[in-house]
Every structure is written in structure tokens, then in C-alpha cells.
Amino acid sequence: MSVASCLKHPLLLRLRSVLAVLLALLLLGVVTRPLEAPAWQVVKAGQPEMNLQAIEGALGQGLVVGVLGGFRAIMADFLWIRTNTIWNRRDRVKLNAMVRLVTTIDPRSEFFWVNAARMVAYDVPHWRIDEEGGYALVPDRRQQVIVREQVEQACAMLERAREFHPQHAKLYLETAQIYLIRLKDYAQAAKWFLLASQQPDAPYYAARIHGELLRRQGKDAEAYAFLKQLYAELNDDPHAQKGVILDRIHELEVSLKVPIWTRFQSQVTGVGDSAGATLEQKVRMLEQGYGSE
Amino acid sequence: MSGLIDSISRVRLIAGNTFLEAVRQKFFNSLLLISVALVASSTFFQQFDFGTGELKFITDFGFGALFFFGSILSIAATTQLFFSEIENRTALTMLAKPIYKLEFLAGKFMGAHMLMLVFTSVLMLVLAGILYWRETVLMARLGQEFQDGRLIAYGDLFVFGLLQWMKFGVLSAIALFIASFSNTNLYTVVVSFFVLIICQLQYIARDAYSGMEQGAGQWFVGLLGLIFPNFQLFNVGDQLVFNVEHPLSVGTVWQVVGYGVIYAVAFVLLAQLNFRKREI
């Protein structure tokens with residue numbers, strides 16, 4: 001068989017056509033890249049699920065966005081109903097899988113993250129202890145290990161949630177509450193309440209609880225400084241409950257034995273209005289304001 | 001010049017006939033009906049929603065229906081319209097007249113594309129109507145939440161429709177390109193769906209492996225990214241419709257439209273390369 005006839009073999013001709021098409025598409029890709037690249041940067045920047053650092057997460061999200069598109073919300077909703085059925089059956093292995101699936105399909109809803117973390121941190125430890133014989137039989141140390149494991153799992157889940165919602169106070173608050181309620185870990189809880197209070201949509205109570213947790217750790221001086229700073233920064237919104245903060249400041253001043261003439265002065269007690277008063281009058285007004293020790 | 005005008009006139013005639021043939025198809029009508037019913041019933045499905053805002057849910061649902069049924073329709077209708085001419089031998093009659101194969105393909109493409117315009121417009125109108133109704137109800141109930149006016153940019157809803165229509169155009173052109181060398185309807189539909197999935201997902205490979213070390217893998221992914229168009233570029237519904245922090249600029253919209261037009265034209269031209277050698 002000559003070379004010329006070989007080159008005219010139908011298979012080679014087909015291969016040549018395929019290569020020609022691929023080359024044309026490749027050239028097209030190169031030509032359109034200056035048009036596509038800037039637009040793609042803008043489109044990608046607007047969709048947090050397309051900007052995950054972890055490859056696993058990026059692949060999972062990419063597949064979901066690519067395949068389900070706008071239907072992922074309803075798909076996740078139906079799977080969440082299924083998750084609740086599994087939760088009722090106390091099947092923790094399936095629960096973990098379902099929770100992961102739902103949050104992968106639609107990570108945009110805080111509801112899934114928060115409720116899934118609650119199931120993992122608050123309910124699953126009870127199930128595990130029951131599986132091992134119940135509270136009466138399982139030693140305290142083992143119970144603590146189980147609770148800690150579940151708390152870690154829930155916190156890892158909330159950590160993933162914060163990749164999608166880095167500025168949502170609710171997710172920081174949930175971590176803080178899990179540490180506080182489940183582990184009574186005041187140090188960790190205080191840290192997370194502080195982080196929550198620094199988010200744009202933070203409720204006023206997050207910072208107040210941070211101050212209170214500092215006090216419970218015996219860090220009265222730190223709590224005192226924090227609450228004074230907080231009081232000064234808060235606006236007069238009634239929800240901010242500045243009065244409560246002021247009460248706590250006064251309590252701390254008592255426990256810290258802060259000299260009366262260096263105590264925190266606020267507008268609430270009217271002390272701030274006494275600019276023209278003598279030192280003796282100021283002391284008397286302060287005493288009236290705080291009551292006698 | 002008159003040759004060009006004649007050519008355009010022939011393409012317009014074929015496109016018009018293709019469009020008429022397509023809108024008479026039961027497949028188109030039933031798919032349109034299902035899509036409209038699904039979008040209209042989104043308020044019912046909202047009962048199963050957890051955590052997402054009502055308007056966001058309805059919008060998502062509408063976009064989902066548009067993507068899902070639109071993709072099916074653009075592939076199936078284009079394939080069906082192309083092969084019906086071949087199987088019924090009407091293509092022979094047509095091409096025996098002074099009609100170039102490119103004109104035939106362009107006419108088929110335009111007809112299918114017009115069909116997708118009708119589909120997209122109807123679905124967008126229904127979605128806009130439902131969103132407007134629900135937003136009005138919500139405004140009456142929660143006036144304080146709407147102090148800055150309506151949340152949804154209705155004009156941009158139709159801009160999103162336009163972008164989806166462009167995407168369906170590229171998809172139709174791809175289906176036409178595959179049909180140009182394929183012998184069966186089924187093969188064309190299946191391969192077109194595979195290509196659609198690759199185009200939807202190619203960005204993941206590109207992004208995920210952009211940081212990997214230089215090597216064969218990165219080269220392969222780079223080539224993949226260049227060969228297949230990036231369909232995620234058209235996935236800008238949230239950025240367009242809701243007043244987010246970084247709304248999409250007009251320039252970006254035009255870039256995406258331009259990208260779609262270039263790919264649609266290119267695939268029709270590639271289809272012509274195959275089709276001109278084809279025995280009918």
C-alpha cells in the first residue's frame with residue numbers, strides 16, 4: 001500500500017477533519033479569550049460558591065451550579081425534608097451524609113448550616129451515648145469525649161459555612177453558643193461572641209455576652225475595659241440596652257474596687273452633665289448614682 | 001450586493017418556514033406549557049422552602065426552569081428540524097434550487113433560534129409577572145423592608161433572558177454542528193447534551209487546576225478551556241436581578257453577548273464545513 005493511498009484512508013480523512021475542527025475551536029478560544037476573561041472575572045467575583053479555595057469544595061459547588069442551576073434551592077429543600085426524617089430515626093451516619101449533601105447543593109441558605117450544626121452538636125451526642133449504653137453506664141470522661149467530637153464536627157461545618165457567608169454574625173454566634181452551651185468553654189465562647197459582634201449584622205447582645213463571659217473567666221479588668229469601650233461606642237438605640245451595660249460596669253467597679261473618683265461616668269446617671277460642679281459635688285452625685293457600697 | 005440581499009432573503013424564508021414548522025410541533029407546545037406551569041407554580045413549591053427569601057426562591061426556580069427546559073428544547077428542536085428535512089427528503093428539493101448549504105444551515109439555525117426567543121420571552125414574562133405580583137403583596141405587608149423601592153430589577157430580568165437566549169443560540173449551533181456529521185437524531189441529541197454538560201462545567205477544571213504545576217495536566221485543562229465555550233459566563237441571574245453590592249455592568253453584558261454571537265456563528269460555519277461534504 002502506497003503512502004498516498006494510506007493518506008486517503010477514510011479513517012485518516014476522518015481524523016484529519018476532527019483535528020481541523022479541534023484546531024478551529026482552539027483558535028476560536030484564543031480569539032475570544034480577551035472578551036471572555038474580563039467578563040468571567042466579574043461573573044465569578046459575584047458568586048461566592050465559585051470562589052472556594054479548597055479544590056474539593058470548588059469541584060462540588062461547580063458541579064452543583066453547573067448541573068442543577070436554579071433548581072438547586074428546591075432540590076436542597078426536598079433533601080432537607082428527607083434529612084429531618086432521618087434525624088427522627090436517629091440515623092447519625094445517614095444524617096451526616098445528608099447534611100453534607102444539602103449544604104453542598106445549596107450553601108446559600110444559613111438555615112441549613114445552622115440547623116445542621118445544631119443537630120450534630122446537640123442531638124447526635126445523646127444518640128451516641130444512648131448507643132453505648134446510656135448516661136448511667138457510659139463514664140463521664142467518655143461522654144465528654146463524645147460531646148467534644150460532635151462539637152468539633154459542628155464547628156467545622158460552621159467554618160465551611162463562613163467560607164460562603166464570611167460576614168454573617170449568625171454563624172459566629174452559633175459557634176459561640178455551641179462552645180458555651182455544650183462545652184461550657186467560656187474562653188472559646190467569648191472569642192466567638194467577640195467575632196460575632198464585629199460582623200455588620202451583629203446583634204447588640206453579642207458584645208454584651210462577650211463582656212459577661214470575660215467576667216465569668218475572672219478577667220474582671222478586661223471585662224471592665226471592654227464594657228466601658230462598648231458603652232462609649234454604642235448609639236442610643238433602646239435595643240442596645242445601654243442601661244444593662246452600665247449596671248455591669250458598676251458591678252465590676254465594685255468588685256474591682258475602683259476608686260470612686262475614677263469610676264466610669266455616663267450620661268445616663270446625669271454625671272456627665274455636672275461639668276461645672278466642684279469635685280465634692282461630683283463625688284456626692286456619684287454616690288447617689290451608684291448607691292452606697 | 002444584490003447577491004447578498006438575495007442570500008439573506010433565502011435565509012429568511014428558510015428561517016420563517018423552520019420557525020412555523022417548529023411552533024406547530026407538539027413537543028414545543030407541551031414543553032412550553034410544562035415550563036410555564038412550573039414557573040407559575042413556584043409559589044406553591046415555596047411552601048417547601050427553608051431559609052431562602054420568597055422572591056429569591058421564585059427567581060431561582062424560574063431560572064432553573066428556563067435553563068433546564070430551554071436546553072432540552074434548543075437541542076431537541078434544532079436536531080429534529082434538521083433531520084426532518086433530511087428524512088423527508090425536502091432538503092434535496094431545497095438544495096436542488098439555487099440555495100447554498102450554508103444558507104440552508106443558517107436558515108435552520110435562525111428558525112430554531114427564533115423558536116428559543118419565543119420560549120425565553122414567554123417564560124420571562126410569566127416569571128416577571130409572578131415576581132411583580134408577589135413583590136407587590138410583600139410590599140403591602142412589609143412596607144418597611146421596601147423603603148428603597150422594589151428589590152427586583154425587572155429590566156435586568158429580561159437582560160438575563162437575552163443572555164440565556166444567546167446561550168441557547170450557541171447550544172443550537174452546537175447541535176447543528178453535531179447534526180452536520182451525524183447520521184441519527186439520537187446520536188446528535190446525546191452528544192449535544194454531553195457537550196452542554198462539558199460547557200457548563202469546563203470552568204471548574206480551568207479554575208481548580210489553574211494553580212497546579214506546569215505539566216501535561218495543566219496543558220490538557222488549558223486546551224479543554226479553549227476548545228469548549230464557557231456556559232457559566234451566562235449564569236449571571238443573581239447579579240443582574242437583585243440589587244447586589246456589585247451589579248453587573250453594561251460592558252460586561254455586551255462582552256457576554258459578543259462571546260455568544262461569535263460562538264454561535266463559528267459553530268454554524270463549522271457545521272457548513274461538514275455539511276458541504278455530506279451526501280444527502
# chains A, B, ... in the order shown; residues from 1 in each chain; ligands from 1
call {"tool": "residues_around", "arguments": {"residues": "segment 240-251 of chain A", "least_positions_apart": "2", "cutoff": "12 Å", "atoms": "only C-alpha atoms", "output": "PyMOL selection string"}}
result
chain A and resi 202-215+220-238+253-260+262-269+286-287+289-293
call {"tool": "write_last_selection", "arguments": {"atoms": "C-alpha atoms", "output": "mmCIF file, in the first residue's frame"}}
result
data_model
loop_
_atom_site.group_PDB
_atom_site.id
_atom_site.type_symbol
_atom_site.label_atom_id
_atom_site.label_comp_id
_atom_site.auth_asym_id
_atom_site.auth_seq_id
_atom_site.Cartn_x
_atom_site.Cartn_y
_atom_site.Cartn_z
ATOM 1 C CA ALA A 202 -24.314 41.582 64.644
ATOM 2 C CA PRO A 203 -26.992 41.843 67.324
ATOM 3 C CA TYR A 204 -26.189 44.090 70.290
ATOM 4 C CA TYR A 205 -26.203 41.225 72.747
ATOM 5 C CA ALA A 206 -23.144 39.544 71.152
ATOM 6 C CA ALA A 207 -20.746 42.128 72.586
ATOM 7 C CA ARG A 208 -22.585 42.203 75.916
ATOM 8 C CA ILE A 209 -22.254 38.443 76.280
ATOM 9 C CA HIS A 210 -18.559 38.670 75.389
ATOM 10 C CA GLY A 211 -18.088 41.087 78.287
ATOM 11 C CA GLU A 212 -20.074 38.853 80.619
ATOM 12 C CA LEU A 213 -18.026 35.791 79.625
ATOM 13 C CA LEU A 214 -14.802 37.669 80.331
ATOM 14 C CA ARG A 215 -16.163 38.327 83.800
ATOM 15 C CA ASP A 220 -12.777 41.433 85.506
ATOM 16 C CA ALA A 221 -10.315 44.136 84.479
ATOM 17 C CA GLU A 222 -10.521 43.075 80.836
ATOM 18 C CA ALA A 223 -14.326 42.923 81.039
ATOM 19 C CA TYR A 224 -14.429 46.359 82.663
ATOM 20 C CA ALA A 225 -12.285 47.915 79.940
ATOM 21 C CA PHE A 226 -14.292 46.183 77.219
ATOM 22 C CA LEU A 227 -17.699 47.228 78.556
ATOM 23 C CA LYS A 228 -16.587 50.828 79.048
ATOM 24 C CA GLN A 229 -15.383 50.918 75.470
ATOM 25 C CA LEU A 230 -18.604 49.255 74.288
ATOM 26 C CA TYR A 231 -20.751 51.728 76.208
ATOM 27 C CA ALA A 232 -18.953 54.653 74.636
ATOM 28 C CA GLU A 233 -19.314 53.242 71.126
ATOM 29 C CA LEU A 234 -22.993 52.251 71.290
ATOM 30 C CA ASN A 235 -25.700 54.519 69.972
ATOM 31 C CA ASP A 236 -28.876 55.349 71.872
ATOM 32 C CA ASP A 237 -30.958 52.626 70.241
ATOM 33 C CA PRO A 238 -33.161 51.133 73.001
ATOM 34 C CA GLU A 253 -16.251 48.739 89.575
ATOM 35 C CA VAL A 254 -17.422 47.419 92.911
ATOM 36 C CA SER A 255 -15.697 44.081 92.523
ATOM 37 C CA LEU A 256 -12.535 45.711 91.182
ATOM 38 C CA LYS A 257 -12.673 48.311 93.971
ATOM 39 C CA VAL A 258 -12.271 51.135 91.509
ATOM 40 C CA PRO A 259 -11.770 54.412 93.420
ATOM 41 C CA ILE A 260 -14.958 56.390 93.276
ATOM 42 C CA THR A 262 -12.023 57.365 88.750
ATOM 43 C CA ARG A 263 -15.245 55.496 88.098
ATOM 44 C CA PHE A 264 -16.955 55.454 84.740
ATOM 45 C CA GLN A 265 -19.102 58.499 84.145
ATOM 46 C CA SER A 266 -22.118 58.244 81.918
ATOM 47 C CA GLN A 267 -24.805 60.470 80.542
ATOM 48 C CA VAL A 268 -27.444 58.109 81.971
ATOM 49 C CA THR A 269 -26.687 58.953 85.610
ATOM 50 C CA LEU A 286 -21.684 59.625 92.048
ATOM 51 C CA GLU A 287 -22.563 58.198 95.415
ATOM 52 C CA GLY A 289 -25.962 57.441 91.368
ATOM 53 C CA TYR A 290 -24.408 54.111 92.482
ATOM 54 C CA GLY A 291 -25.931 53.801 95.952
ATOM 55 C CA SER A 292 -23.724 53.196 98.940
ATOM 56 C CA GLU A 293 -21.306 50.265 98.859
#
call {"tool": "select_by_dssp", "arguments": {"residues": "segment 101-274 of chain B", "states": "alpha helix (DSSP H)", "output": "ChimeraX atom specification"}}
result
/B:101-141,154-181,185-208,216-227,237-241,250-274
call {"tool": "residues_around", "arguments": {"residues": "segment 128-143 of chain A", "least_positions_apart": "6", "cutoff": "10 Å", "atoms": "only C-alpha atoms", "output": "ChimeraX atom specification"}}
result
/A:90,92,149-150
call {"tool": "write_last_selection", "arguments": {"atoms": "C-alpha atoms", "output": "CSV table (one decimal), in the first residue's frame"}}
result
chain,number,residue,atom,x,y,z
A,90,ARG,CA,-31.7,8.9,64.8
A,92,ARG,CA,-26.4,9.6,62.5
A,149,GLU,CA,-16.1,15.2,69.0
A,150,GLN,CA,-19.5,16.3,68.0
call {"tool": "atom_distance", "arguments": {"atom1": "atom CA of Ala112 of chain B", "atom2": "atom CA of Phe160 of chain B"}}
result
19.4 Å
call {"tool": "residues_around", "arguments": {"residues": "segment 15-32 of chain A", "least_positions_apart": "4", "cutoff": "12 Å", "atoms": "only C-alpha atoms", "output": "PyMOL selection string"}}
result
(chain A and resi 7-11+36-40) or (chain B and resi 174+177-178+181+220+222-230+255-267+269-274+277)
call {"tool": "closest_residue", "arguments": {"among": "A:Ala116, A:Ala4, A:Leu101, A:Leu79", "to": "Val151 of chain A", "atoms": "only C-alpha atoms"}}
result
A:Ala116
call {"tool": "closest_residue", "arguments": {"among": "B:Ser180, B:Ser9, B:Gln232, B:Gln144", "to": "Leu201 of chain B", "atoms": "only C-alpha atoms"}}
result
B:Gln232
call {"tool": "atom_distance", "arguments": {"atom1": "atom CA of Leu117 of chain B", "atom2": "atom CA of Leu102 of chain B"}}
result
21.9 Å
call {"tool": "closest_residue", "arguments": {"among": "B:Ile99, B:Tyr154, B:Gln46, B:Gly53", "to": "Leu138 of chain B", "atoms": "only C-alpha atoms"}}
result
B:Gly53
call {"tool": "closest_residue", "arguments": {"among": "A:Asn88, A:Gln188, A:Gln47, A:Gln153", "to": "chain B", "atoms": "only C-alpha atoms"}}
result
A:Gln47
call {"tool": "closest_residue", "arguments": {"among": "B:Gln214, B:Ser41, B:Asn88, B:Asn235", "to": "chain A", "atoms": "only C-alpha atoms"}}
result
B:Asn235
call {"tool": "atom_distance", "arguments": {"atom1": "atom CA of Gly107 of chain B", "atom2": "atom CA of Ala15 of chain B"}}
result
4.2 Å
call {"tool": "residues_around", "arguments": {"residues": "Lys56 of chain B", "least_positions_apart": "6", "cutoff": "10 Å", "atoms": "only C-alpha atoms", "output": "list of chain:residue names"}}
result
A:Ala73, B:Gly62, B:Leu131, B:Ile152, B:Asp238, B:Val241, B:Phe242
call {"tool": "residues_around", "arguments": {"residues": "His113 of chain B", "least_positions_apart": "4", "cutoff": "10 Å", "atoms": "only C-alpha atoms", "output": "PyMOL selection string"}}
result
chain B and resi 15+18-19+74+77-78+107-109+117-119+165-166+168-173
call {"tool": "write_last_selection", "arguments": {"atoms": "C-alpha atoms", "output": "mmCIF file, in the first residue's frame"}}
result
data_model
loop_
_atom_site.group_PDB
_atom_site.id
_atom_site.type_symbol
_atom_site.label_atom_id
_atom_site.label_comp_id
_atom_site.auth_asym_id
_atom_site.auth_seq_id
_atom_site.Cartn_x
_atom_site.Cartn_y
_atom_site.Cartn_z
ATOM 1 C CA ALA B 15 -35.885 30.511 8.854
ATOM 2 C CA THR B 18 -38.470 26.395 10.039
ATOM 3 C CA PHE B 19 -39.940 28.561 12.780
ATOM 4 C CA SER B 74 -32.828 24.032 21.878
ATOM 5 C CA ALA B 77 -35.814 21.178 18.333
ATOM 6 C CA THR B 78 -32.688 22.001 16.319
ATOM 7 C CA GLY B 107 -31.957 29.315 7.924
ATOM 8 C CA LYS B 108 -32.374 26.250 10.117
ATOM 9 C CA PHE B 109 -30.340 27.872 12.866
ATOM 10 C CA LEU B 117 -36.717 33.583 21.549
ATOM 11 C CA VAL B 118 -40.433 32.842 21.866
ATOM 12 C CA PHE B 119 -39.792 30.277 24.583
ATOM 13 C CA TRP B 165 -31.258 33.206 24.620
ATOM 14 C CA MET B 166 -27.680 33.805 23.450
ATOM 15 C CA PHE B 168 -29.391 28.671 23.665
ATOM 16 C CA GLY B 169 -28.186 30.058 20.348
ATOM 17 C CA VAL B 170 -24.717 28.647 20.950
ATOM 18 C CA LEU B 171 -26.303 25.364 22.030
ATOM 19 C CA SER B 172 -28.475 25.215 18.894
ATOM 20 C CA ALA B 173 -25.409 25.939 16.772
#
call {"tool": "closest_residue", "arguments": {"among": "A:Cys6, A:Val93, A:Met98, A:Val114", "to": "chain B", "atoms": "only C-alpha atoms"}}
result
A:Val114
call {"tool": "residues_around", "arguments": {"residues": "Tyr179 of chain A", "least_positions_apart": "3", "cutoff": "9 Å", "atoms": "only C-alpha atoms", "output": "PyMOL selection string"}}
result
chain A and resi 151+155+174-176+182-189+192
